[in-house]
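Asker: Input structure: my_file31.pdb, which contains PDB, C-alpha atoms.
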```pdb
ATOM      1  CA  MET A 235     -27.111 -86.614  60.248
ATOM      2  CA  ARG A 236     -28.589 -88.702  57.441
ATOM      3  CA  ALA A 237     -27.078 -91.476  55.381
ATOM      4  CA  TYR A 238     -27.846 -91.729  51.674
ATOM      5  CA  ASN A 239     -27.377 -94.570  49.228
ATOM      6  CA  LEU A 240     -25.333 -93.415  46.258
ATOM      7  CA  GLY A 241     -25.573 -96.646  44.303
ATOM      8  CA  THR A 242     -27.116 -97.305  40.926
ATOM      9  CA  GLY A 243     -30.308 -98.962  42.094
ATOM     10  CA  GLY A 244     -29.319-102.046  40.104
ATOM     11  CA  GLY A 245     -27.993-105.286  41.475
ATOM     12  CA  VAL A 246     -24.652-106.990  40.918
ATOM     13  CA  SER A 247     -23.920-110.538  42.001
ATOM     14  CA  VAL A 248     -20.844-111.414  44.027
ATOM     15  CA  LEU A 249     -19.602-113.496  41.096
ATOM     16  CA  GLN A 250     -20.045-110.547  38.707
ATOM     17  CA  LEU A 251     -18.085-108.336  41.097
ATOM     18  CA  LEU A 252     -15.277-110.905  41.446
ATOM     19  CA  ALA A 253     -15.050-111.386  37.683
ATOM     20  CA  THR A 254     -15.036-107.672  36.927
ATOM     21  CA  PHE A 255     -12.518-106.772  39.631
ATOM     22  CA  GLY A 256     -10.294-109.664  38.552
ATOM     23  CA  GLU A 257     -10.468-108.476  34.945
ATOM     24  CA  ILE A 258      -9.580-104.891  35.892
ATOM     25  CA  SER A 259      -6.772-105.802  38.304
ATOM     26  CA  GLY A 260      -5.323-108.668  36.299
ATOM     27  CA  ILE A 261      -5.457-110.802  39.444
ATOM     28  CA  THR A 262      -7.319-114.071  39.749
ATOM     29  CA  ILE A 263      -9.311-113.714  42.946
ATOM     30  CA  PRO A 264      -9.719-117.060  44.698
ATOM     31  CA  TYR A 265     -13.178-117.856  46.006
ATOM     32  CA  GLU A 266     -15.199-120.770  47.265
ATOM     33  CA  ILE A 267     -18.931-121.203  46.868
ATOM     34  CA  THR A 268     -20.496-122.376  50.112
ATOM     35  CA  ASP A 269     -23.876-122.402  51.782
ATOM     36  CA  ARG A 270     -25.350-119.147  52.966
ATOM     37  CA  GLN A 271     -24.477-118.015  56.428
ATOM     38  CA  PRO A 272     -27.221-117.329  58.974
ATOM     39  CA  GLY A 273     -28.543-113.819  58.382
ATOM     40  CA  ASP A 274     -27.412-113.590  54.742
ATOM     41  CA  VAL A 275     -29.999-111.979  52.512
ATOM     42  CA  ALA A 276     -30.831-113.388  49.093
ATOM     43  CA  THR A 277     -30.905-109.992  47.390
ATOM     44  CA  LEU A 278     -30.095-106.496  48.548
ATOM     45  CA  ILE A 279     -30.596-103.561  46.188
ATOM     46  CA  ALA A 280     -30.829-100.092  47.656
ATOM     47  CA  ASP A 281     -33.016 -97.386  46.173
ATOM     48  CA  PRO A 282     -30.994 -94.222  45.405
ATOM     49  CA  SER A 283     -34.044 -92.194  44.317
ATOM     50  CA  LEU A 284     -34.034 -89.968  47.429
ATOM     51  CA  VAL A 285     -30.630 -88.547  46.502
ATOM     52  CA  GLU A 286     -31.833 -87.872  42.984
ATOM     53  CA  LYS A 287     -34.925 -86.131  44.364
ATOM     54  CA  LEU A 288     -33.040 -84.049  46.961
ATOM     55  CA  TRP A 289     -29.873 -83.241  45.060
ATOM     56  CA  GLY A 290     -30.714 -83.950  41.429
ATOM     57  CA  TRP A 291     -27.762 -86.345  41.356
ATOM     58  CA  ARG A 292     -27.443 -89.889  40.120
ATOM     59  CA  THR A 293     -24.605 -92.270  39.428
ATOM     60  CA  THR A 294     -23.049 -92.262  35.982
ATOM     61  CA  ARG A 295     -20.426 -95.000  36.232
ATOM     62  CA  ASP A 296     -20.835 -98.694  35.620
ATOM     63  CA  LEU A 297     -19.328-101.645  37.476
ATOM     64  CA  GLN A 298     -16.153-101.652  35.357
ATOM     65  CA  ALA A 299     -15.482 -97.980  36.034
ATOM     66  CA  MET A 300     -16.117 -98.424  39.764
ATOM     67  CA  CYS A 301     -13.744-101.395  39.954
ATOM     68  CA  ARG A 302     -11.136 -99.540  37.892
ATOM     69  CA  ASP A 303     -11.308 -96.554  40.280
ATOM     70  CA  ALA A 304     -11.097 -98.790  43.356
ATOM     71  CA  TRP A 305      -8.102-100.672  41.931
ATOM     72  CA  HIS A 306      -6.363 -97.417  40.999
ATOM     73  CA  PHE A 307      -6.836 -96.078  44.538
ATOM     74  CA  GLN A 308      -5.606 -99.339  46.096
ATOM     75  CA  SER A 309      -2.579 -99.356  43.799
ATOM     76  CA  LEU A 310      -1.668 -95.840  44.942
ATOM     77  CA  HIS A 311      -2.212 -96.736  48.621
ATOM     78  CA  PRO A 312      -1.101-100.386  49.068
ATOM     79  CA  ASN A 313      -0.698 -99.973  52.825
ATOM     80  CA  GLY A 314      -3.966 -98.135  53.346
ATOM     81  CA  TYR A 315      -4.970 -94.529  53.221
TER      82      TYR A 315
END
```
Show this structure as structure tokens.

Answerer:
Amino acid sequence: MRAYNLGTGGGVSVLQLLATFGEISGITIPYEITDRQPGDVATLIADPSLVEKLWGWRTTRDLQAMCRDAWHFQSLHPNGY
């Protein structure tokens, strides 16, 4: 079995993700900025080019669409799947 990254190949900061998900959901997400934890990486961006090469597939949605889909799913399944 192989695992493939199906991301965009572009990075998104945690603050961008919080802001976008908060905007989509209408909920202010509380957060606190603290020091990094041991083992935290500064940047992590996966390369999805293998999937494009093998399957001819690449992502087409942006961060807003991904957050909108995730919020829609969570709204339909508030107690889990």

Asker: Evaluate the PyMOL selection byres ((chain A and resi 278-285) around 7) and record the selected residues as a count of residues only, following the chain and residue labels used in the document.

Answerer: 17

Asker: Determine the nearest neighbour of Glu266 in chain A from the options A:Arg236, A:Leu249, A:Arg302, A:Pro312, counting only C-alpha atoms.

Answerer: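 Smallest separation from Glu266 in chain A among the options: A:Leu249.
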
Asker: Return as a CSV table (one decimal) with C-alpha atoms, in the coordinates of the input the set of residues that the PyMOL selection byres ((chain A and resi 255-260) around 10) yields on the displayed structure.

Answerer:
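Output file selection34.csv follows:
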```csv
chain,number,residue,atom,x,y,z
A,249,LEU,CA,-19.6,-113.5,41.1
A,250,GLN,CA,-20.0,-110.5,38.7
A,251,LEU,CA,-18.1,-108.3,41.1
A,252,LEU,CA,-15.3,-110.9,41.4
A,253,ALA,CA,-15.0,-111.4,37.7
A,254,THR,CA,-15.0,-107.7,36.9
A,261,ILE,CA,-5.5,-110.8,39.4
A,262,THR,CA,-7.3,-114.1,39.7
A,263,ILE,CA,-9.3,-113.7,42.9
A,264,PRO,CA,-9.7,-117.1,44.7
A,297,LEU,CA,-19.3,-101.6,37.5
A,298,GLN,CA,-16.2,-101.7,35.4
A,299,ALA,CA,-15.5,-98.0,36.0
A,300,MET,CA,-16.1,-98.4,39.8
A,301,CYS,CA,-13.7,-101.4,40.0
A,302,ARG,CA,-11.1,-99.5,37.9
A,303,ASP,CA,-11.3,-96.6,40.3
A,304,ALA,CA,-11.1,-98.8,43.4
A,305,TRP,CA,-8.1,-100.7,41.9
A,306,HIS,CA,-6.4,-97.4,41.0
A,309,SER,CA,-2.6,-99.4,43.8
```

Asker: What is the CA of Thr293 in chain A to CA of Phe307 in chain A distance in Å?

Answerer: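 Separating CA of Thr293 in chain A from CA of Phe307 in chain A is a distance of 18.9 Å.
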
Asker: Record the distance separating CA of Gln271 in chain A and CA of Gly314 in chain A, expressed in Å with one decimal.

Answerer: 28.7 Å

Asker: CA of Val248 in chain A and CA of Thr268 in chain A are how many Å apart?

Answerer: 12.5 Å

Asker: If the box runs along x, y and z of the file and leaves 8 Å on each side of range 274-289 of chain A, what are its centre and edge lengths in Å, one decimal, as JSON?

Answerer:
```
{"center_x": -31.2, "center_y": -98.4, "center_z": 48.9, "size_x": 23.5, "size_y": 46.3, "size_z": 27.8}
```
